[in-house]
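A.B. asks: I'd like to ask some things about the structure below.
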Amino acid sequence: MRRAELISCFLIVAGLLLATGVPLWLWTRTPLVHVSMAENGGWNPNTLRAEVGKPLELHLTSDDVVHGFAVGQMDREAVNVMPGKVTDVTLMFDQPGTYTFYCTRWCGVNHWRMRGTIEVSGSTVNPVPVSVPLYVTLGLDIDAPHEAARLPDHQPSAFSGQGLASKLDISQFSSTGFYRAHSPDQIFAGLSSTRLTASEKWDVVSYIWQSQTAPQALADGRKLYAENCAACHGENGAGNGVFADEIAQAGKESQPSMAATVEMRQKPADFTNPTRMLGASPALLQGKILRGGMGTGMPMWGSIFTDEQIWDLVAYLYSFQFDYQK
């Protein structure tokens with residue numbers, strides 16, 4: 001093919017790209033990643049590839065509303081993806097594996113479906129060991145009922161419990177391992193040999209839970225909850241977030257013959273319910289967050305949050321039951 005013909009072909013292709021709104025400079029680099037609400041396709045493409053130690057340059061644009069972009073378990077701030085504009089992001093990976101990218105802006109009832117993967121190939125001299133989640137180690141069935149057998153008649157106070165605990169030997173309950181493996185209700189039962197009243201026992205349990213949570217960890221858990229959970233579970237944890245009714249309705253419509261059961265199952269969990277929460281151990285809540293709720297709108301967060309973030313979030317969930325104010 002003659003030079004003039006090559007130039008002519010190039011100009012024709014470039015013209016087509018510009019006519020469809022794709023800048024020529026993007027065509028010569030990496031493809032443009034489009035994002036739209038889940039009902040309209042989500043991320044396109046939703047599978048990307050990268051290599052260890054080599055920068056991955058992404059160019060993102062929204063086809064409808066404002067979305068957010070972040071990669072799970074990476075220590076970097078999310079970026080906004082604006083309609084009709086291009087957002088440039090450069091990522092670098094030091095470990096091979098599959099990473100999850102997701103939308104950080106609540107864009108609709110199916111926001112939780114707004115996820116994609118980055119397949120990172122290559123090798124590393126310092127591989128990260130794979131840890132087994134505690135709920136797996138303990139053999140917990142996280143789908144089984146876990147209702148508390150005993151309930152407090154007031155919101156337990158960690159401040160009151162601290163004074164009571166100073167007169168007791170609670171060392172057996174104070175290790176992180178013991179705390180994570182047992183529910184508040186089980187600790188309450190473990191205090192049966194004391195002369196405390198039921199209300200005082202619950203105050204001591206509240207103190208034990210607070211003593212396992214550093215103030216900064218609790219603040220970090222609150223931030224994670226507000227950004228990722230409140231839209232469904234509600235700002236105050238009562239299962240009444242802005243999308244709660246839509247999630248329940250979606251579940252009801254998906255299986256009309258089981259309407260009542262599905263609606264109950266689909267409705268976001270109520271963290272202010274003491275029967276549910278005081279019967280749940282931190283390890284059990286870890287499992288639910290890691291894996292997500294089977295048959296519900298609860299997504300799995302294991303590929304998004306780090307282990308530390310999950311424990312911070314678990315600690316914050318108990319603050320809907322216990323009064324940590326001094």
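Every chain in the structure tokens has a letter given in the order shown (A, B, ...), and although residue numbers restart at 1 in each chain, ligands are simply numbered from 1 in the order shown.
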Could you make a table, as a tab-separated table, of the residues of segment 69-97 of chain A that have an atom within 10 Å of an atom of segment 125-128 of chain A, each with its nearest atom pair and distance in Å to one decimal, counting only C-alpha atoms, in chain and number order?
C.D. replies:
```
residue	atom	partner	partner_atom	distance
A:Asp94	CA	A:Asn126	CA	9.2
A:Gln95	CA	A:Pro127	CA	7.1
A:Pro96	CA	A:Pro127	CA	8.7
```
A.B. asks: Which polymer residues have any atom within 10 Å of an atom of Gln286 of chain A, counting only C-alpha atoms, with same-chain residues fewer than 4 positions away left out, as a list in words?
C.D. replies: Pro133, Leu134, Tyr135, Ile142, Arg180, Ser281, Pro282, Leu290, Arg291, Gly292, Trp301, Gly302, Asp307, Ile310, Trp311, Leu313 and Val314 of chain A
A.B. asks: Quick one: distance from atom CA of Ala226 of chain A to atom CA of Gln309 of chain A in Å, one decimal?
C.D. replies: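 Calculated distance between atom CA of Ala226 of chain A and atom CA of Gln309 of chain A is 13.2 Å.
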A.B. asks: May I ask which of the residues A:Asn110, A:Ile208, A:Thr47, A:Thr61 is the closest one to Leu191 of chain A, counting only C-alpha atoms?
C.D. replies: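 Going through A:Asn110, A:Ile208, A:Thr47, A:Thr61 one by one, the smallest distance to Leu191 of chain A is for A:Ile208.
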A.B. asks: Quick one: residues within 9 Å of segment 155-159 of chain A, only C-alpha atoms, excluding same-chain residues fewer than 5 positions away - as a PyMOL selection string?
C.D. replies: chain A and resi 199-211+321-326
